[in-house]
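Peer 1: File model-v2.pdb below, PDB, N, CA and C atoms:
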```
ATOM      1  N   MET S   1       0.815  -1.192   0.000
ATOM      2  CA  MET S   1       0.000   0.000   0.000
ATOM      3  C   MET S   1       0.865   1.266   0.000
ATOM      4  N   GLY S   2       2.038   1.213   0.669
ATOM      5  CA  GLY S   2       2.912   2.374   0.713
ATOM      6  C   GLY S   2       3.469   2.731  -0.655
ATOM      7  N   LEU S   3       3.824   1.712  -1.435
ATOM      8  CA  LEU S   3       4.356   1.948  -2.773
ATOM      9  C   LEU S   3       3.290   2.581  -3.673
ATOM     10  N   THR S   4       2.063   2.121  -3.538
ATOM     11  CA  THR S   4       0.970   2.686  -4.329
ATOM     12  C   THR S   4       0.795   4.166  -4.020
ATOM     13  N   GLY S   5       0.853   4.517  -2.735
ATOM     14  CA  GLY S   5       0.725   5.916  -2.331
ATOM     15  C   GLY S   5       1.847   6.777  -2.870
ATOM     16  N   MET S   6       3.066   6.228  -2.857
ATOM     17  CA  MET S   6       4.212   6.979  -3.373
ATOM     18  C   MET S   6       4.089   7.194  -4.881
ATOM     19  N   ILE S   7       3.648   6.181  -5.601
ATOM     20  CA  ILE S   7       3.471   6.307  -7.053
ATOM     21  C   ILE S   7       2.402   7.355  -7.350
ATOM     22  N   TYR S   8       1.304   7.302  -6.614
ATOM     23  CA  TYR S   8       0.232   8.294  -6.805
ATOM     24  C   TYR S   8       0.755   9.700  -6.546
ATOM     25  N   GLN S   9       1.549   9.870  -5.481
ATOM     26  CA  GLN S   9       2.066  11.188  -5.152
ATOM     27  C   GLN S   9       2.975  11.712  -6.260
ATOM     28  N   VAL S  10       3.836  10.877  -6.777
ATOM     29  CA  VAL S  10       4.745  11.300  -7.860
ATOM     30  C   VAL S  10       3.943  11.665  -9.109
ATOM     31  N   LEU S  11       2.972  10.839  -9.468
ATOM     32  CA  LEU S  11       2.150  11.139 -10.644
ATOM     33  C   LEU S  11       1.371  12.436 -10.457
ATOM     34  N   SER S  12       0.834  12.633  -9.271
ATOM     35  CA  SER S  12       0.070  13.853  -8.999
ATOM     36  C   SER S  12       0.953  15.086  -9.084
ATOM     37  N   LEU S  13       2.148  14.989  -8.519
ATOM     38  CA  LEU S  13       3.041  16.145  -8.529
ATOM     39  C   LEU S  13       3.579  16.453  -9.922
ATOM     40  N   THR S  14       3.591  15.476 -10.821
ATOM     41  CA  THR S  14       3.997  15.780 -12.199
ATOM     42  C   THR S  14       2.895  16.526 -12.931
ATOM     43  N   MET S  15       1.667  16.395 -12.460
ATOM     44  CA  MET S  15       0.546  17.108 -13.083
ATOM     45  C   MET S  15       0.616  18.614 -12.819
ATOM     46  N   VAL S  16       1.143  19.003 -11.655
ATOM     47  CA  VAL S  16       1.160  20.418 -11.270
ATOM     48  C   VAL S  16       1.909  21.277 -12.288
ATOM     49  N   PRO S  17       3.181  20.977 -12.614
ATOM     50  CA  PRO S  17       3.858  21.831 -13.602
ATOM     51  C   PRO S  17       3.207  21.765 -14.984
ATOM     52  N   LEU S  18       2.669  20.608 -15.354
ATOM     53  CA  LEU S  18       1.999  20.508 -16.654
ATOM     54  C   LEU S  18       0.815  21.460 -16.736
ATOM     55  N   MET S  19       0.020  21.500 -15.671
ATOM     56  CA  MET S  19      -1.155  22.365 -15.671
ATOM     57  C   MET S  19      -0.762  23.840 -15.588
ATOM     58  N   ARG S  20       0.301  24.140 -14.839
ATOM     59  CA  ARG S  20       0.734  25.536 -14.731
ATOM     60  C   ARG S  20       1.305  26.043 -16.046
ATOM     61  N   ILE S  21       1.977  25.166 -16.789
ATOM     62  CA  ILE S  21       2.506  25.556 -18.105
ATOM     63  C   ILE S  21       1.361  25.688 -19.101
ATOM     64  N   SER S  22       0.413  24.765 -19.046
ATOM     65  CA  SER S  22      -0.712  24.784 -19.990
ATOM     66  C   SER S  22      -1.639  25.969 -19.782
ATOM     67  N   HIS S  23      -1.768  26.409 -18.522
ATOM     68  CA  HIS S  23      -2.706  27.487 -18.190
ATOM     69  C   HIS S  23      -2.026  28.481 -17.250
ATOM     70  N   PRO S  24      -1.096  29.295 -17.788
ATOM     71  CA  PRO S  24      -0.285  30.159 -16.933
ATOM     72  C   PRO S  24      -1.057  31.267 -16.217
ATOM     73  N   LYS S  25      -2.193  31.677 -16.742
ATOM     74  CA  LYS S  25      -2.915  32.787 -16.132
ATOM     75  C   LYS S  25      -3.937  32.348 -15.100
ATOM     76  N   ARG S  26      -4.083  31.049 -14.907
ATOM     77  CA  ARG S  26      -5.056  30.538 -13.935
ATOM     78  C   ARG S  26      -4.358  30.143 -12.643
ATOM     79  N   ARG S  27      -5.089  30.265 -11.543
ATOM     80  CA  ARG S  27      -4.586  29.811 -10.237
ATOM     81  C   ARG S  27      -5.081  28.386 -10.032
ATOM     82  N   ILE S  28      -4.178  27.436 -10.150
ATOM     83  CA  ILE S  28      -4.531  26.018 -10.058
ATOM     84  C   ILE S  28      -4.627  25.609  -8.579
ATOM     85  N   SER S  29      -5.728  24.981  -8.228
ATOM     86  CA  SER S  29      -5.920  24.460  -6.879
ATOM     87  C   SER S  29      -5.345  23.042  -6.827
ATOM     88  N   LEU S  30      -4.358  22.841  -5.958
ATOM     89  CA  LEU S  30      -3.748  21.521  -5.858
ATOM     90  C   LEU S  30      -4.753  20.486  -5.352
ATOM     91  N   GLU S  31      -5.592  20.871  -4.412
ATOM     92  CA  GLU S  31      -6.593  19.927  -3.899
ATOM     93  C   GLU S  31      -7.539  19.474  -5.004
ATOM     94  N   LYS S  32      -8.017  20.423  -5.787
ATOM     95  CA  LYS S  32      -8.930  20.083  -6.879
ATOM     96  C   LYS S  32      -8.214  19.257  -7.947
ATOM     97  N   LEU S  33      -6.965  19.601  -8.227
ATOM     98  CA  LEU S  33      -6.187  18.864  -9.217
ATOM     99  C   LEU S  33      -5.984  17.419  -8.775
ATOM    100  N   PHE S  34      -5.584  17.219  -7.515
ATOM    101  CA  PHE S  34      -5.358  15.868  -7.008
ATOM    102  C   PHE S  34      -6.653  15.073  -6.947
ATOM    103  N   ASP S  35      -7.748  15.729  -6.564
ATOM    104  CA  ASP S  35      -9.045  15.054  -6.510
ATOM    105  C   ASP S  35      -9.473  14.616  -7.909
ATOM    106  N   ASN S  36      -9.319  15.513  -8.875
ATOM    107  CA  ASN S  36      -9.668  15.204 -10.256
ATOM    108  C   ASN S  36      -8.801  14.071 -10.787
ATOM    109  N   PHE S  37      -7.512  14.111 -10.480
ATOM    110  CA  PHE S  37      -6.588  13.082 -10.955
ATOM    111  C   PHE S  37      -6.897  11.728 -10.307
ATOM    112  N   SER S  38      -7.279  11.737  -9.029
ATOM    113  CA  SER S  38      -7.641  10.486  -8.351
ATOM    114  C   SER S  38      -8.828   9.822  -9.030
ATOM    115  N   LYS S  39      -9.833  10.616  -9.343
ATOM    116  CA  LYS S  39     -11.019  10.066 -10.012
ATOM    117  C   LYS S  39     -10.653   9.500 -11.382
ATOM    118  N   HIS S  40      -9.781  10.196 -12.104
ATOM    119  CA  HIS S  40      -9.342   9.733 -13.421
ATOM    120  C   HIS S  40      -8.511   8.456 -13.293
ATOM    121  N   LEU S  41      -7.647   8.408 -12.278
ATOM    122  CA  LEU S  41      -6.763   7.270 -12.058
ATOM    123  C   LEU S  41      -7.554   5.993 -11.777
ATOM    124  N   ILE S  42      -8.630   6.108 -11.038
ATOM    125  CA  ILE S  42      -9.454   4.942 -10.707
ATOM    126  C   ILE S  42     -10.081   4.333 -11.968
ATOM    127  N   LYS S  43     -10.399   5.186 -12.942
ATOM    128  CA  LYS S  43     -11.039   4.715 -14.178
ATOM    129  C   LYS S  43     -10.045   4.105 -15.170
ATOM    130  N   CYS S  44      -8.762   4.422 -15.029
ATOM    131  CA  CYS S  44      -7.750   3.948 -15.988
ATOM    132  C   CYS S  44      -7.540   2.440 -15.876
ATOM    133  N   ARG S  45      -7.412   1.796 -17.031
ATOM    134  CA  ARG S  45      -7.154   0.354 -17.073
ATOM    135  C   ARG S  45      -5.770   0.037 -17.615
ATOM    136  N   THR S  46      -5.153   0.996 -18.318
ATOM    137  CA  THR S  46      -3.798   0.802 -18.831
ATOM    138  C   THR S  46      -2.949   2.023 -18.483
ATOM    139  N   VAL S  47      -1.649   1.859 -18.518
ATOM    140  CA  VAL S  47      -0.737   2.964 -18.214
ATOM    141  C   VAL S  47      -0.890   4.086 -19.242
ATOM    142  N   GLY S  48      -1.163   3.739 -20.480
ATOM    143  CA  GLY S  48      -1.335   4.742 -21.529
ATOM    144  C   GLY S  48      -2.502   5.685 -21.279
ATOM    145  N   GLU S  49      -3.491   5.216 -20.552
ATOM    146  CA  GLU S  49      -4.660   6.051 -20.265
ATOM    147  C   GLU S  49      -4.373   7.131 -19.224
ATOM    148  N   LEU S  50      -3.276   6.982 -18.458
ATOM    149  CA  LEU S  50      -2.969   7.956 -17.411
ATOM    150  C   LEU S  50      -2.859   9.375 -17.957
ATOM    151  N   TRP S  51      -2.171   9.517 -19.081
ATOM    152  CA  TRP S  51      -1.916  10.857 -19.625
ATOM    153  C   TRP S  51      -2.780  11.146 -20.848
ATOM    154  N   SER S  52      -3.822  10.348 -21.052
ATOM    155  CA  SER S  52      -4.663  10.532 -22.231
ATOM    156  C   SER S  52      -5.542  11.777 -22.139
ATOM    157  N   LYS S  53      -5.799  12.245 -20.948
ATOM    158  CA  LYS S  53      -6.712  13.372 -20.790
ATOM    159  C   LYS S  53      -6.224  14.295 -19.684
ATOM    160  N   LEU S  54      -6.022  15.564 -20.032
ATOM    161  CA  LEU S  54      -5.708  16.557 -19.013
ATOM    162  C   LEU S  54      -7.020  17.072 -18.434
ATOM    163  N   PRO S  55      -7.043  17.412 -17.152
ATOM    164  CA  PRO S  55      -8.290  17.890 -16.555
ATOM    165  C   PRO S  55      -8.736  19.223 -17.130
ATOM    166  N   ASP S  56     -10.033  19.435 -17.096
ATOM    167  CA  ASP S  56     -10.621  20.687 -17.555
ATOM    168  C   ASP S  56     -10.192  21.801 -16.596
ATOM    169  N   PRO S  57      -9.587  22.882 -17.090
ATOM    170  CA  PRO S  57      -9.092  23.941 -16.203
ATOM    171  C   PRO S  57     -10.183  24.565 -15.334
ATOM    172  N   SER S  58     -11.405  24.593 -15.810
ATOM    173  CA  SER S  58     -12.464  25.196 -15.000
ATOM    174  C   SER S  58     -12.787  24.352 -13.769
ATOM    175  N   HIS S  59     -12.424  23.075 -13.786
ATOM    176  CA  HIS S  59     -12.694  22.196 -12.644
ATOM    177  C   HIS S  59     -11.590  22.216 -11.597
ATOM    178  N   ILE S  60     -10.429  22.748 -11.946
ATOM    179  CA  ILE S  60      -9.306  22.716 -11.007
ATOM    180  C   ILE S  60      -8.774  24.105 -10.664
ATOM    181  N   THR S  61      -9.489  25.132 -11.059
ATOM    182  CA  THR S  61      -9.064  26.500 -10.805
ATOM    183  C   THR S  61      -9.630  26.997  -9.477
ATOM    184  N   MET S  62      -8.816  27.734  -8.744
ATOM    185  CA  MET S  62      -9.289  28.328  -7.491
ATOM    186  C   MET S  62     -10.296  29.422  -7.805
ATOM    187  N   GLU S  63     -11.345  29.444  -7.011
ATOM    188  CA  GLU S  63     -12.311  30.531  -7.155
ATOM    189  C   GLU S  63     -11.748  31.775  -6.474
ATOM    190  N   THR S  64     -11.994  32.912  -7.056
ATOM    191  CA  THR S  64     -11.558  34.145  -6.422
ATOM    192  C   THR S  64     -12.644  34.591  -5.461
ATOM    193  N   SER S  65     -12.219  35.045  -4.328
ATOM    194  CA  SER S  65     -13.153  35.502  -3.314
ATOM    195  C   SER S  65     -13.068  37.013  -3.209
ATOM    196  N   LYS S  66     -14.165  37.676  -3.370
ATOM    197  CA  LYS S  66     -14.181  39.144  -3.340
ATOM    198  C   LYS S  66     -13.911  39.675  -1.935
ATOM    199  N   ASP S  67     -14.341  38.924  -0.920
ATOM    200  CA  ASP S  67     -14.201  39.419   0.447
ATOM    201  C   ASP S  67     -13.025  38.789   1.191
ATOM    202  N   ARG S  68     -12.080  38.254   0.456
ATOM    203  CA  ARG S  68     -10.911  37.633   1.078
ATOM    204  C   ARG S  68     -10.009  38.699   1.692
ATOM    205  N   LYS S  69      -9.621  38.472   2.941
ATOM    206  CA  LYS S  69      -8.748  39.411   3.633
ATOM    207  C   LYS S  69      -7.295  39.054   3.325
ATOM    208  N   PRO S  70      -6.407  40.040   3.423
ATOM    209  CA  PRO S  70      -4.988  39.750   3.193
ATOM    210  C   PRO S  70      -4.460  38.739   4.218
ATOM    211  N   LEU S  71      -3.438  38.011   3.848
ATOM    212  CA  LEU S  71      -2.872  36.978   4.699
ATOM    213  C   LEU S  71      -2.385  37.540   6.029
ATOM    214  N   GLU S  72      -1.731  38.713   6.000
ATOM    215  CA  GLU S  72      -1.230  39.303   7.244
ATOM    216  C   GLU S  72      -2.371  39.572   8.214
ATOM    217  N   GLU S  73      -3.481  40.055   7.689
ATOM    218  CA  GLU S  73      -4.641  40.361   8.530
ATOM    219  C   GLU S  73      -5.196  39.084   9.174
ATOM    220  N   ASN S  74      -5.233  38.000   8.418
ATOM    221  CA  ASN S  74      -5.708  36.723   8.973
ATOM    222  C   ASN S  74      -4.768  36.232  10.064
ATOM    223  N   TRP S  75      -3.439  36.351   9.850
ATOM    224  CA  TRP S  75      -2.479  35.891  10.842
ATOM    225  C   TRP S  75      -2.600  36.703  12.131
ATOM    226  N   ILE S  76      -2.752  38.012  12.003
ATOM    227  CA  ILE S  76      -2.888  38.865  13.191
ATOM    228  C   ILE S  76      -4.139  38.485  13.965
ATOM    229  N   LYS S  77      -5.218  38.223  13.243
ATOM    230  CA  LYS S  77      -6.467  37.836  13.905
ATOM    231  C   LYS S  77      -6.301  36.477  14.624
ATOM    232  N   LEU S  78      -5.614  35.526  13.989
ATOM    233  CA  LEU S  78      -5.406  34.231  14.613
ATOM    234  C   LEU S  78      -4.485  34.307  15.831
ATOM    235  N   LEU S  79      -3.481  35.155  15.774
ATOM    236  CA  LEU S  79      -2.525  35.250  16.875
ATOM    237  C   LEU S  79      -3.016  36.080  18.055
ATOM    238  N   SER S  80      -4.034  36.898  17.840
ATOM    239  CA  SER S  80      -4.523  37.733  18.942
ATOM    240  C   SER S  80      -5.621  37.066  19.729
TER     241      SER S  80
END
```
Could you write out this structure as structure tokens?
Peer 2:
Amino acid sequence: MGLTGMIYQVLSLTMVPLMRISHPKRRISLEKLFDNFSKHLIKCRTVGELWSKLPDPSHITMETSKDRKPLEENWIKLLS
């Protein structure tokens, strides 16, 4: 089971630079990317199918939040 997890992690991490190069202006969510890749991986029956389809960018892009506070402000609030 440990080897399977390591293989999945390596495959998932190779997806990150591919998606960032393919869609440079989008903010890629790693959680969404890994979730999407996991679902795709379960359906694959051959090794060739692993890279047959890149995920749809609209499914793995971070949503922008209009009311998001700056990181420093969140840290100050958490520390106080």
Peer 1: So how many Å separate atom N of Trp75 of chain S and atom C of Glu63 of chain S, to one decimal?
Peer 2: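 For atom N of Trp75 of chain S relative to atom C of Glu63 of chain S, the distance reads 18.9 Å.
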Peer 1: Within 8 Å of (-6.2, 16.5, -17.2) in the file's own coordinates, which protein, DNA or RNA residues have an atom, counting only C-alpha atoms? List them as a PDB file with N, CA and C atoms, in the frame of the given file.
Peer 2:
```pdb
ATOM      1  N   MET S  15       1.667  16.395 -12.460  1.00  0.00           N
ATOM      2  CA  MET S  15       0.546  17.108 -13.083  1.00  0.00           C
ATOM      3  C   MET S  15       0.616  18.614 -12.819  1.00  0.00           C
ATOM      4  N   MET S  19       0.020  21.500 -15.671  1.00  0.00           N
ATOM      5  CA  MET S  19      -1.155  22.365 -15.671  1.00  0.00           C
ATOM      6  C   MET S  19      -0.762  23.840 -15.588  1.00  0.00           C
ATOM      7  N   ASN S  36      -9.319  15.513  -8.875  1.00  0.00           N
ATOM      8  CA  ASN S  36      -9.668  15.204 -10.256  1.00  0.00           C
ATOM      9  C   ASN S  36      -8.801  14.071 -10.787  1.00  0.00           C
ATOM     10  N   PHE S  37      -7.512  14.111 -10.480  1.00  0.00           N
ATOM     11  CA  PHE S  37      -6.588  13.082 -10.955  1.00  0.00           C
ATOM     12  C   PHE S  37      -6.897  11.728 -10.307  1.00  0.00           C
ATOM     13  N   TRP S  51      -2.171   9.517 -19.081  1.00  0.00           N
ATOM     14  CA  TRP S  51      -1.916  10.857 -19.625  1.00  0.00           C
ATOM     15  C   TRP S  51      -2.780  11.146 -20.848  1.00  0.00           C
ATOM     16  N   SER S  52      -3.822  10.348 -21.052  1.00  0.00           N
ATOM     17  CA  SER S  52      -4.663  10.532 -22.231  1.00  0.00           C
ATOM     18  C   SER S  52      -5.542  11.777 -22.139  1.00  0.00           C
ATOM     19  N   LYS S  53      -5.799  12.245 -20.948  1.00  0.00           N
ATOM     20  CA  LYS S  53      -6.712  13.372 -20.790  1.00  0.00           C
ATOM     21  C   LYS S  53      -6.224  14.295 -19.684  1.00  0.00           C
ATOM     22  N   LEU S  54      -6.022  15.564 -20.032  1.00  0.00           N
ATOM     23  CA  LEU S  54      -5.708  16.557 -19.013  1.00  0.00           C
ATOM     24  C   LEU S  54      -7.020  17.072 -18.434  1.00  0.00           C
ATOM     25  N   PRO S  55      -7.043  17.412 -17.152  1.00  0.00           N
ATOM     26  CA  PRO S  55      -8.290  17.890 -16.555  1.00  0.00           C
ATOM     27  C   PRO S  55      -8.736  19.223 -17.130  1.00  0.00           C
ATOM     28  N   ASP S  56     -10.033  19.435 -17.096  1.00  0.00           N
ATOM     29  CA  ASP S  56     -10.621  20.687 -17.555  1.00  0.00           C
ATOM     30  C   ASP S  56     -10.192  21.801 -16.596  1.00  0.00           C
TER      31      ASP S  56
END
```
Peer 1: Please return, as an MDAnalysis selection string, all residues of chain S that DSSP assigns to alpha helix (DSSP H) on the basis of the backbone.
Peer 2: chainID S and resid 2:22 30:43 57:60 71:79
Peer 1: Figure out the distance between atom C of Leu71 of chain S and atom CA of Ser29 of chain S, please, to one decimal in Å.
Peer 2: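 Between atom CA of Ser29 of chain S and atom C of Leu71 of chain S the gap works out to 18.7 Å.
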Peer 1: Give me the residues within 7 Å of Leu33 of chain S as a ChimeraX atom specification, counting all atoms listed in the file and dropping any in the same chain fewer than 4 places off.
Peer 2: /S:28-29,37-38,59-61
Peer 1: If you count only C-alpha atoms, which residues fall within 10 Å of Ser12 of chain S, apart from same-chain ones fewer than 2 positions away, as a PyMOL selection string?
Peer 2: chain S and resi 6-10+14-17+30+33-38+41
Peer 1: Please, what distance in Å, to one decimal, runs between atom CA of Pro70 of chain S and atom CA of Arg27 of chain S?
Peer 2: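 According to the coordinates, atom CA of Pro70 of chain S and atom CA of Arg27 of chain S are separated by 16.7 Å.
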Peer 1: Padding 8 Å on every side, please: axis-aligned box over the listed atoms of segment 8-21 of chain S, centre and edge lengths to one decimal in Å, as lines of an AutoDock Vina configuration file.
Peer 2:
```
center_x = 1.8
center_y = 16.7
center_z = -12.1
size_x = 21.9
size_y = 34.7
size_z = 29.9
```
